[in-house]
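S.K.: mmCIF, C-alpha atoms, file final_16.cif:
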data_model
loop_
_atom_site.group_PDB
_atom_site.id
_atom_site.type_symbol
_atom_site.label_atom_id
_atom_site.label_comp_id
_atom_site.auth_asym_id
_atom_site.auth_seq_id
_atom_site.Cartn_x
_atom_site.Cartn_y
_atom_site.Cartn_z
ATOM 1 C CA MET A 1472 20.012 -1.421 -12.442
ATOM 2 C CA ALA A 1473 20.874 0.333 -15.692
ATOM 3 C CA GLY A 1474 21.339 3.539 -13.731
ATOM 4 C CA LEU A 1475 23.874 1.701 -11.567
ATOM 5 C CA GLY A 1476 25.935 0.735 -14.606
ATOM 6 C CA ILE A 1477 24.570 -2.752 -15.363
ATOM 7 C CA ARG A 1478 24.692 -3.348 -19.108
ATOM 8 C CA GLN A 1479 23.520 -6.988 -19.305
ATOM 9 C CA PHE A 1480 19.977 -8.160 -18.614
ATOM 10 C CA VAL A 1481 18.363 -11.597 -18.785
ATOM 11 C CA ASP A 1482 14.571 -11.578 -18.412
ATOM 12 C CA LEU A 1483 13.307 -15.087 -17.574
ATOM 13 C CA GLY A 1484 9.676 -15.902 -18.305
ATOM 14 C CA SER A 1485 9.454 -12.621 -20.146
ATOM 15 C CA GLY A 1486 6.365 -13.074 -22.295
ATOM 16 C CA LEU A 1487 6.124 -10.314 -24.914
ATOM 17 C CA PRO A 1488 8.383 -7.206 -24.777
ATOM 18 C CA THR A 1489 5.482 -4.754 -24.909
ATOM 19 C CA SER A 1490 4.626 -1.343 -23.436
ATOM 20 C CA PRO A 1491 0.908 -1.553 -22.553
ATOM 21 C CA VAL A 1492 -1.211 1.610 -22.288
ATOM 22 C CA GLN A 1493 -4.626 2.076 -20.715
ATOM 23 C CA GLU A 1494 -5.689 4.849 -23.081
ATOM 24 C CA TRP A 1495 -4.400 6.151 -26.385
ATOM 25 C CA GLY A 1496 -2.040 9.049 -25.811
ATOM 26 C CA ARG A 1497 -1.324 8.107 -22.207
ATOM 27 C CA PRO A 1498 2.164 6.980 -21.110
ATOM 28 C CA PRO A 1499 2.729 3.207 -20.933
ATOM 29 C CA LEU A 1500 2.098 1.366 -17.685
ATOM 30 C CA TRP A 1501 5.642 0.033 -17.873
ATOM 31 C CA LEU A 1502 8.529 -0.347 -20.290
ATOM 32 C CA PRO A 1503 9.864 -3.672 -21.536
ATOM 33 C CA THR A 1504 13.332 -4.512 -20.261
ATOM 34 C CA HIS A 1505 15.266 -3.445 -23.372
ATOM 35 C CA GLU A 1506 13.561 -0.027 -23.470
ATOM 36 C CA ALA A 1507 14.023 0.580 -19.756
ATOM 37 C CA ALA A 1508 17.676 -0.481 -19.928
ATOM 38 C CA SER A 1509 18.400 1.687 -22.972
ATOM 39 C CA GLY A 1510 17.435 4.754 -20.957
ATOM 40 C CA ALA A 1511 20.881 4.597 -19.378
ATOM 41 C CA GLU A 1512 24.172 5.148 -21.156
ATOM 42 C CA GLY A 1513 25.480 2.567 -23.620
ATOM 43 C CA ASP A 1514 24.016 -0.254 -25.695
ATOM 44 C CA PRO A 1515 22.826 -2.956 -23.268
ATOM 45 C CA VAL A 1516 22.631 -6.668 -23.920
ATOM 46 C CA VAL A 1517 19.096 -7.867 -23.239
ATOM 47 C CA ALA A 1518 17.954 -11.479 -23.522
ATOM 48 C CA TYR A 1519 14.275 -12.338 -23.291
ATOM 49 C CA VAL A 1520 13.753 -15.979 -22.345
ATOM 50 C CA ASP A 1521 10.472 -17.875 -22.309
ATOM 51 C CA SER A 1522 9.362 -21.482 -22.673
ATOM 52 C CA ASP A 1523 6.292 -20.532 -24.728
ATOM 53 C CA PRO A 1524 7.191 -20.937 -28.427
ATOM 54 C CA VAL A 1525 4.376 -18.622 -29.545
ATOM 55 C CA ALA A 1526 5.581 -15.833 -27.247
ATOM 56 C CA MET A 1527 9.126 -16.239 -28.505
ATOM 57 C CA ARG A 1528 8.068 -16.239 -32.152
ATOM 58 C CA HIS A 1529 6.159 -12.985 -31.693
ATOM 59 C CA SER A 1530 8.973 -11.498 -29.601
ATOM 60 C CA ARG A 1531 11.533 -12.182 -32.332
ATOM 61 C CA ALA A 1532 9.272 -10.522 -34.893
ATOM 62 C CA MET A 1533 8.839 -7.460 -32.660
ATOM 63 C CA LEU A 1534 12.588 -7.159 -32.067
ATOM 64 C CA ALA A 1535 13.714 -7.958 -35.622
ATOM 65 C CA SER A 1536 14.415 -4.358 -36.636
ATOM 66 C CA GLY A 1537 16.198 -3.438 -33.419
ATOM 67 C CA SER A 1538 19.644 -3.936 -31.924
ATOM 68 C CA SER A 1539 21.511 -7.199 -32.449
ATOM 69 C CA ARG A 1540 22.281 -7.046 -28.737
ATOM 70 C CA VAL A 1541 18.598 -7.648 -27.913
ATOM 71 C CA VAL A 1542 17.483 -11.241 -28.461
ATOM 72 C CA ALA A 1543 14.571 -13.550 -27.639
ATOM 73 C CA VAL A 1544 15.364 -17.208 -27.052
ATOM 74 C CA ALA A 1545 13.488 -20.290 -25.942
ATOM 75 C CA GLY A 1546 14.505 -21.607 -22.552
ATOM 76 C CA ASP A 1547 13.285 -23.121 -19.307
ATOM 77 C CA MET A 1548 14.116 -21.279 -16.077
ATOM 78 C CA ARG A 1549 14.608 -24.670 -14.417
ATOM 79 C CA GLU A 1550 17.798 -24.917 -16.510
ATOM 80 C CA PRO A 1551 19.553 -21.656 -15.569
ATOM 81 C CA GLU A 1552 23.073 -22.761 -16.511
ATOM 82 C CA LYS A 1553 21.864 -23.770 -19.962
ATOM 83 C CA ILE A 1554 20.241 -20.358 -20.415
ATOM 84 C CA LEU A 1555 23.360 -18.403 -19.430
ATOM 85 C CA ALA A 1556 25.407 -20.531 -21.849
ATOM 86 C CA HIS A 1557 22.928 -20.135 -24.743
ATOM 87 C CA ASP A 1558 24.712 -19.415 -28.035
ATOM 88 C CA GLN A 1559 22.374 -16.580 -29.047
ATOM 89 C CA ILE A 1560 22.721 -14.863 -25.686
ATOM 90 C CA ARG A 1561 26.504 -15.202 -25.845
ATOM 91 C CA ASP A 1562 26.549 -13.934 -29.461
ATOM 92 C CA ALA A 1563 24.542 -10.877 -28.406
ATOM 93 C CA GLY A 1564 27.517 -9.950 -26.214
ATOM 94 C CA PHE A 1565 26.644 -11.460 -22.834
ATOM 95 C CA ARG A 1566 29.734 -12.101 -20.687
ATOM 96 C CA ARG A 1567 29.702 -14.254 -17.584
ATOM 97 C CA ASP A 1568 32.648 -12.370 -16.071
ATOM 98 C CA GLU A 1569 30.823 -9.014 -16.026
ATOM 99 C CA PRO A 1570 27.975 -7.990 -13.696
ATOM 100 C CA ALA A 1571 24.504 -8.684 -15.007
ATOM 101 C CA CYS A 1572 20.887 -8.394 -13.915
ATOM 102 C CA VAL A 1573 18.595 -11.419 -14.066
ATOM 103 C CA ILE A 1574 14.867 -10.742 -13.791
ATOM 104 C CA LEU A 1575 12.500 -13.408 -12.447
ATOM 105 C CA GLY A 1576 9.227 -11.527 -12.648
ATOM 106 C CA CYS A 1577 6.225 -13.457 -11.318
ATOM 107 C CA VAL A 1578 7.521 -16.839 -12.461
ATOM 108 C CA LEU A 1579 8.901 -18.611 -9.380
ATOM 109 C CA HIS A 1580 5.439 -19.466 -8.046
ATOM 110 C CA PHE A 1581 5.082 -21.805 -11.014
ATOM 111 C CA VAL A 1582 7.585 -24.168 -9.373
ATOM 112 C CA ASP A 1583 7.776 -25.596 -5.859
ATOM 113 C CA ALA A 1584 9.820 -23.813 -3.196
ATOM 114 C CA ALA A 1585 12.819 -26.141 -3.401
ATOM 115 C CA THR A 1586 13.038 -25.754 -7.188
ATOM 116 C CA ALA A 1587 12.640 -21.974 -6.942
ATOM 117 C CA HIS A 1588 15.413 -21.793 -4.356
ATOM 118 C CA GLY A 1589 17.658 -23.926 -6.561
ATOM 119 C CA ILE A 1590 17.067 -21.736 -9.620
ATOM 120 C CA VAL A 1591 18.014 -18.564 -7.759
ATOM 121 C CA ALA A 1592 20.995 -20.174 -6.020
ATOM 122 C CA THR A 1593 22.359 -21.477 -9.328
ATOM 123 C CA LEU A 1594 21.989 -18.089 -10.990
ATOM 124 C CA ALA A 1595 23.576 -16.273 -8.057
ATOM 125 C CA GLY A 1596 26.530 -18.640 -8.105
ATOM 126 C CA ALA A 1597 26.994 -18.345 -11.863
ATOM 127 C CA LEU A 1598 26.861 -14.556 -12.122
ATOM 128 C CA ALA A 1599 29.798 -12.235 -11.566
ATOM 129 C CA PRO A 1600 30.108 -10.338 -8.271
ATOM 130 C CA GLY A 1601 28.140 -7.102 -8.412
ATOM 131 C CA SER A 1602 25.290 -8.766 -10.307
ATOM 132 C CA TYR A 1603 21.640 -8.366 -9.329
ATOM 133 C CA LEU A 1604 18.633 -10.669 -9.212
ATOM 134 C CA VAL A 1605 15.184 -9.076 -9.398
ATOM 135 C CA ILE A 1606 12.509 -11.376 -8.010
ATOM 136 C CA SER A 1607 8.751 -10.997 -7.707
ATOM 137 C CA VAL A 1608 6.648 -13.937 -6.589
ATOM 138 C CA GLY A 1609 3.237 -14.803 -5.224
ATOM 139 C CA PHE A 1610 2.956 -15.015 -1.446
ATOM 140 C CA GLY A 1611 0.216 -17.003 0.233
ATOM 141 C CA ALA A 1612 -0.320 -17.330 3.973
ATOM 142 C CA GLY A 1613 -2.402 -19.902 5.813
ATOM 143 C CA ARG A 1614 -5.602 -21.385 4.542
ATOM 144 C CA GLU A 1615 -6.488 -18.364 2.403
ATOM 145 C CA GLY A 1616 -3.193 -18.680 0.557
ATOM 146 C CA SER A 1617 -3.739 -22.401 0.016
ATOM 147 C CA ASP A 1618 -7.297 -21.752 -1.174
ATOM 148 C CA PHE A 1619 -6.052 -19.158 -3.658
ATOM 149 C CA ALA A 1620 -3.520 -21.586 -5.127
ATOM 150 C CA ARG A 1621 -6.119 -24.352 -5.233
ATOM 151 C CA THR A 1622 -8.632 -22.098 -7.019
ATOM 152 C CA TYR A 1623 -6.035 -21.110 -9.609
ATOM 153 C CA ASN A 1624 -4.982 -24.696 -10.120
ATOM 154 C CA ASP A 1625 -8.578 -25.720 -10.818
ATOM 155 C CA GLN A 1626 -8.378 -23.607 -13.972
ATOM 156 C CA ASP A 1627 -6.996 -24.812 -17.285
ATOM 157 C CA GLY A 1628 -3.390 -23.655 -16.985
ATOM 158 C CA PRO A 1629 -0.045 -24.223 -15.276
ATOM 159 C CA ARG A 1630 0.013 -25.020 -11.578
ATOM 160 C CA ILE A 1631 1.041 -22.380 -9.055
ATOM 161 C CA TYR A 1632 2.407 -22.759 -5.547
ATOM 162 C CA ALA A 1633 1.614 -20.577 -2.532
ATOM 163 C CA HIS A 1634 5.094 -19.955 -1.145
ATOM 164 C CA SER A 1635 5.457 -19.058 2.521
ATOM 165 C CA TRP A 1636 7.271 -15.927 3.680
ATOM 166 C CA ASP A 1637 10.223 -17.982 4.929
ATOM 167 C CA GLN A 1638 10.475 -19.779 1.588
ATOM 168 C CA ILE A 1639 10.504 -16.479 -0.286
ATOM 169 C CA MET A 1640 13.119 -14.949 1.999
ATOM 170 C CA ALA A 1641 15.280 -18.049 1.518
ATOM 171 C CA MET A 1642 15.424 -17.257 -2.218
ATOM 172 C CA PHE A 1643 17.677 -14.329 -1.299
ATOM 173 C CA ASP A 1644 20.148 -16.439 0.699
ATOM 174 C CA GLY A 1645 23.718 -15.218 0.105
ATOM 175 C CA LEU A 1646 22.559 -11.986 -1.547
ATOM 176 C CA ASP A 1647 22.592 -8.453 -0.169
ATOM 177 C CA LEU A 1648 19.026 -7.141 -0.184
ATOM 178 C CA VAL A 1649 18.632 -3.718 -1.763
ATOM 179 C CA PRO A 1650 16.392 -1.420 0.355
ATOM 180 C CA PRO A 1651 13.463 -1.518 0.917
ATOM 181 C CA GLY A 1652 13.961 -5.297 0.957
ATOM 182 C CA VAL A 1653 11.177 -7.769 0.198
ATOM 183 C CA VAL A 1654 7.847 -5.923 0.158
ATOM 184 C CA ASP A 1655 4.586 -5.666 -1.758
ATOM 185 C CA VAL A 1656 5.715 -4.878 -5.307
ATOM 186 C CA SER A 1657 3.302 -1.949 -5.564
ATOM 187 C CA VAL A 1658 5.396 -0.021 -3.018
ATOM 188 C CA TRP A 1659 8.921 -1.186 -3.914
ATOM 189 C CA ARG A 1660 10.903 1.900 -4.872
ATOM 190 C CA PRO A 1661 14.681 2.395 -4.566
ATOM 191 C CA GLU A 1662 14.102 6.027 -3.585
ATOM 192 C CA ARG A 1663 11.870 4.892 -0.694
ATOM 193 C CA PRO A 1664 14.181 2.611 1.304
ATOM 194 C CA GLU A 1665 11.891 2.492 4.323
ATOM 195 C CA VAL A 1666 8.486 0.979 3.608
ATOM 196 C CA THR A 1667 6.035 -0.377 6.157
ATOM 197 C CA PRO A 1668 5.352 -3.980 5.087
ATOM 198 C CA THR A 1669 1.826 -4.657 3.922
ATOM 199 C CA LYS A 1670 0.134 -7.432 5.846
ATOM 200 C CA ARG A 1671 -2.124 -9.407 3.555
ATOM 201 C CA SER A 1672 -2.599 -13.137 3.194
ATOM 202 C CA ASN A 1673 -2.126 -12.981 -0.597
ATOM 203 C CA MET A 1674 0.006 -10.566 -2.577
ATOM 204 C CA ILE A 1675 2.831 -10.306 -5.053
ATOM 205 C CA VAL A 1676 6.019 -9.465 -3.197
ATOM 206 C CA GLY A 1677 9.348 -8.525 -4.683
ATOM 207 C CA GLY A 1678 12.910 -7.717 -3.865
ATOM 208 C CA VAL A 1679 16.308 -7.099 -5.429
ATOM 209 C CA GLY A 1680 19.359 -9.001 -4.304
ATOM 210 C CA ARG A 1681 22.958 -8.102 -5.126
ATOM 211 C CA ARG A 1682 25.696 -10.703 -5.314
ATOM 212 C CA PRO A 1683 28.544 -9.469 -3.071
#
What is this file in structure tokens?

M.R.:
Amino acid sequence: MAGLGIRQFVDLGSGLPTSPVQEWGRPPLWLPTHEAASGAEGDPVVAYVDSDPVAMRHSRAMLASGSSRVVAVAGDMREPEKILAHDQIRDAGFRRDEPACVILGCVLHFVDAATAHGIVATLAGALAPGSYLVISVGFGAGREGSDFARTYNDQDGPRIYAHSWDQIMAMFDGLDLVPPGVVDVSVWRPERPEVTPTKRSNMIVGGVGRRP
């Protein structure tokens, strides 16, 4: 997205903005949003948003010596309009009338399908044309998918939902899917627009939608 000229990023359910490595001296497994976005030209606005106060406290400490255009704020993805109107995000330079990228990475399976659809629809309607939504979410099919969700929910933590394929595809209603579309996240690459879909009963799938 940064390579396409997007200079505003909102990362919902972000956790900590870290760059994990498997071994000392090896390159990181991935870059946090603000580091990945800064690889393109300009000084991007990046807002990390999470409902966990501990994560946000540590995130603010990690970002304290960096750019004033990178912030970490407390927020609930079920209140997308409130997040986009947040004073700290606005003060960092976020503008609603300019294209932005909103990242929903592995968070929408923590709400039911109707709520997830509503979150994405609200964001898509609030963002400027030319904006992008990056979504990855757990997919569960049939009994095995239901069993997976049930096993997870038996643990001491937040509930997850096994969304069907149709429910996940509906999250992209009104958006133009960027090739290769909605696929297993391990094979999603913009330079590989044609990917044979993986057929598994449980996996994390992802896609990128552009608001026309």

S.K.: Could you tell me how far atom CA of A:Gly1513 lies from atom CA of A:Val1541, in Å and to one decimal?

M.R.: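 Interatomic distance, atom CA of A:Gly1513 to atom CA of A:Val1541: 13.0 Å.
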
S.K.: May I have the residues at most 10 Å from (3.3, -3.0, -25.1) in the file's coordinates, counting all atoms listed in the file, as a ChimeraX atom specification?

M.R.: /A:1487-1492,1499-1503

S.K.: Name all residues at most 6 Å from A:Cys1572 (count only C-alpha atoms; drop same-chain ones fewer than 6 positions away) and give them as a PyMOL selection string.

M.R.: chain A and resi 1480+1602-1604

S.K.: Would you save the residues from that selection as a tab-separated table (two decimals), in the coordinates of the input, using C-alpha atoms?

M.R.:
chain	number	residue	atom	x	y	z
A	1480	PHE	CA	19.98	-8.16	-18.61
A	1602	SER	CA	25.29	-8.77	-10.31
A	1603	TYR	CA	21.64	-8.37	-9.33
A	1604	LEU	CA	18.63	-10.67	-9.21

S.K.: Here's the selection I'm unsure about, the PyMOL selection byres ((chain A and resi 1538) around 10); applied to the file above, which residues does it give, as a list in words?

M.R.: His1505, Asp1514, Pro1515, Val1516, Val1517, Leu1534, Ala1535, Ser1536, Gly1537, Ser1539, Arg1540, Val1541, Val1542 and Ala1563 of chain A

S.K.: With C-alpha atoms retained, write the just-selected residues as a PDB file, in the frame of the given file.

M.R.:
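The result, stored in result08.pdb:
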ATOM      1  CA  HIS A1505      15.266  -3.445 -23.372  1.00  0.00           C
ATOM      2  CA  ASP A1514      24.016  -0.254 -25.695  1.00  0.00           C
ATOM      3  CA  PRO A1515      22.826  -2.956 -23.268  1.00  0.00           C
ATOM      4  CA  VAL A1516      22.631  -6.668 -23.920  1.00  0.00           C
ATOM      5  CA  VAL A1517      19.096  -7.867 -23.239  1.00  0.00           C
ATOM      6  CA  LEU A1534      12.588  -7.159 -32.067  1.00  0.00           C
ATOM      7  CA  ALA A1535      13.714  -7.958 -35.622  1.00  0.00           C
ATOM      8  CA  SER A1536      14.415  -4.358 -36.636  1.00  0.00           C
ATOM      9  CA  GLY A1537      16.198  -3.438 -33.419  1.00  0.00           C
ATOM     10  CA  SER A1539      21.511  -7.199 -32.449  1.00  0.00           C
ATOM     11  CA  ARG A1540      22.281  -7.046 -28.737  1.00  0.00           C
ATOM     12  CA  VAL A1541      18.598  -7.648 -27.913  1.00  0.00           C
ATOM     13  CA  VAL A1542      17.483 -11.241 -28.461  1.00  0.00           C
ATOM     14  CA  ALA A1563      24.542 -10.877 -28.406  1.00  0.00           C
TER      15      ALA A1563
END

S.K.: So how far away is atom CA of A:Trp1495 from atom CA of A:Ser1607, in Å?

M.R.: 28.6 Å
